[in-house]
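To start, the structure itself, in structure tokens.
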Amino acid sequence: MTQASPAPHLPGHACQVLPADAIFVVSGVNLDDGLLGPDAVCPGDIYALDETQPALRLVVLRADGGQRVGAGSEVGREGDLLRFEARYAMMTADGDQVEIVLIALPDGSRVALPLSPMSAAIEYTLLKIDDAPQDTGLADLLCVSFARGTMITLASGQQRAIETLQAGDKVLTRDHGGQPIRWVGSTTLRAVGAFAPVVIAAGTLGNSGDLIVSQHHRMFLYQRERKPGLATSELLVQAKHLVDNKNIFIREGGFVDFFSLVFDRHEIIYAEGVPAESLMVNDATVNRLPTELSEDVKARFPGLSQNQHFGTEAGRQFLDAIGPAALFKTPAKPMVDRQR
């Protein structure tokens, strides 16, 4: 792994959480109850989001053998030990899935960390209850990376597996030609829940081989005609929103090696011939990386804050509205093993 040496006082990771009562049952056994512990919730109950309850800033740091509340947090008291009670999988009526981590504090209160955006206009059915990721850093849940073996296009046109790339290698970018890699990071995670990678079968998006990425990694999709309601024809779409369980699916089981690339700018690069984003370096994204990776990035690039590529972020509802035919231009080819 590419890691920095542990620092004596690591800064915390900031994330946005909700009071557990802000996600409440609108139909089912626990009618009107907020999100409860794993022994009290009932699969099949339908939940909604109370938009009147504001999100709260939770700062988490690893200390004294656990994950604790850090300075500047709006939740709990500094030094409070956090206990991850459960990870819930919920589904909307249109098939989009959201995972929520329930976190307990010493005073008995609970907060919920949605791993994807939630909307007050949508109802969510509780599908599954999993053990909470006690031994995994909170930031691991939101990594943005390519899996081992992904073929990246270099400035020369040559393709190389991502795990063989090094800082200084020039990679072909969509907007700025050949650009040197500033940093390569890697981490290994159990491929379950939010950590399970998305597999885009060869040919589905015109990709030369199976493209395997983390669920929050965004693909770059260009629409010849700009759709109403979009600022640009260029779309950035999280891989999990493309899942159709046919040509694009989530693969659970075992472990997965993830790799991230950093450039001077937030770039669109080519992975298996498909345009996709590089890791964007700013507080919001770096603080969501696994601890070892985020500290390495902060140490190497102090003060670096990149702006997002001009592409428009497109969610699942918009993609359902325009239909898969607008995205999947090339029929999927059978999956084959390739030597990397």
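Within each chain, counting starts at residue 1; across the structure tokens, chains are named A, B, ... in the order shown, with ligands numbered 1 upward in that order.
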Next on the checklist: Env of A:Gly157: 8 Å cut, atoms = only C-alpha atoms, seq-sep filter 3 positions within chain, self excluded. Answer as a ChimeraX atom specification.
Outcome noted: /A:153-154,172
May I have the selected residues written with C-alpha atoms, as a compact mmCIF listing (two decimals), in the first residue's frame?
# COMPACT_ATOMS: atom_id res chain seq x y z
CA THR A 153 -4.57 5.14 -21.09
CA LEU A 154 -1.22 6.97 -21.00
CA LEU A 172 -4.06 11.03 -21.21
Next on the checklist: Among stretch 53-280 of chain A, which residues does DSSP mark as helix (DSSP H, G or I) when it is run on the backbone? Keep the chain and numbering as in the structure and answer as a PyMOL selection string.
Outcome noted: chain A and resi 138-142+162-164+193-195+239-242
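Within 8 Å of A:Leu113, once only C-alpha atoms are used and residues closer than 3 positions along the same chain are dropped, the contacting residues are Gln16, Val17, Leu18, Ile100, Val101, Leu102 and Ile103 of chain A.
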Next on the checklist: Could you list, as a ChimeraX atom specification, every residue within 7 Å of A:Val75, counting only C-alpha atoms and ignoring same-chain residues fewer than 4 positions away?
Outcome noted: /A:56-58
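Counting from atom CA of A:Asp244, the distance to atom CA of A:Val26 is 27.8 Å.
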Checklist entry - Near A:Pro114, counting only C-alpha atoms, which residues have an atom at most 12 Å away, once you skip same-chain residues fewer than 3 positions from it, shown as number ranges by chain? => result A: 15-20, 22-23, 35, 49, 55, 87-90, 97-103, 111, 117-119, 138, 141-142, 194
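Among A:Thr188, A:Gln158, A:Ser260, A:Thr173, the residue with the shortest atom-to-atom distance to A:Leu279, counting only C-alpha atoms, is A:Ser260.
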Checklist entry - With only C-alpha atoms as the atoms that count, which of A:His241, A:Arg265, A:Arg251, A:His216 lies nearest to A:Leu115? => result A:His216
Next on the checklist: Applying 7 Å and only C-alpha atoms, which residues near stretch 219-221 of chain A remain after dropping the ones on its own chain fewer than 4 positions away? List them as a PyMOL selection string.
Outcome noted: chain A and resi 234-239+275-277
Checklist entry - Could you name the residues that touch A:Ala120 at 9 Å or less, counting only C-alpha atoms, but leaving out those on the same chain fewer than 4 positions away, as a PyMOL selection string? => result chain A and resi 48-51
Write the residues you've just listed into a file as a PDB file, in the first residue's frame, and include N, CA, C and O atoms for each of them.
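As written to disk, part.pdb reads:
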ATOM      1  N   ALA A  48     -39.184   7.645   5.669  1.00  0.00           N
ATOM      2  CA  ALA A  48     -39.072   8.922   4.960  1.00  0.00           C
ATOM      3  C   ALA A  48     -38.101   9.809   5.720  1.00  0.00           C
ATOM      4  O   ALA A  48     -37.761   9.539   6.875  1.00  0.00           O
ATOM      5  N   LEU A  49     -37.644  10.861   5.054  1.00  0.00           N
ATOM      6  CA  LEU A  49     -36.686  11.800   5.641  1.00  0.00           C
ATOM      7  C   LEU A  49     -37.399  13.075   6.066  1.00  0.00           C
ATOM      8  O   LEU A  49     -38.142  13.673   5.279  1.00  0.00           O
ATOM      9  N   ASP A  50     -37.186  13.473   7.314  1.00  0.00           N
ATOM     10  CA  ASP A  50     -37.728  14.739   7.809  1.00  0.00           C
ATOM     11  C   ASP A  50     -36.750  15.855   7.459  1.00  0.00           C
ATOM     12  O   ASP A  50     -35.722  16.019   8.097  1.00  0.00           O
ATOM     13  N   GLU A  51     -37.091  16.630   6.422  1.00  0.00           N
ATOM     14  CA  GLU A  51     -36.159  17.648   5.930  1.00  0.00           C
ATOM     15  C   GLU A  51     -36.062  18.851   6.863  1.00  0.00           C
ATOM     16  O   GLU A  51     -35.201  19.711   6.679  1.00  0.00           O
TER      17      GLU A  51
END
Next on the checklist: With DSSP run on the backbone, what are the strand (DSSP E or B) residues within stretch 35-216 of chain A? I'd like them as a VMD selection string.
Outcome noted: chain A and resid 46 to 49 56 to 63 66 to 69 81 83 to 91 97 to 104 110 to 114 124 to 131 146 to 147 151 to 154 159 to 161 170 to 173 177 to 180 183 to 190 198 to 200 211 to 213
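Proximity of A:Val69, A:Ile212, A:Asp264, A:Asp32 to A:Gly168, computed with only C-alpha atoms, is greatest for A:Asp264.
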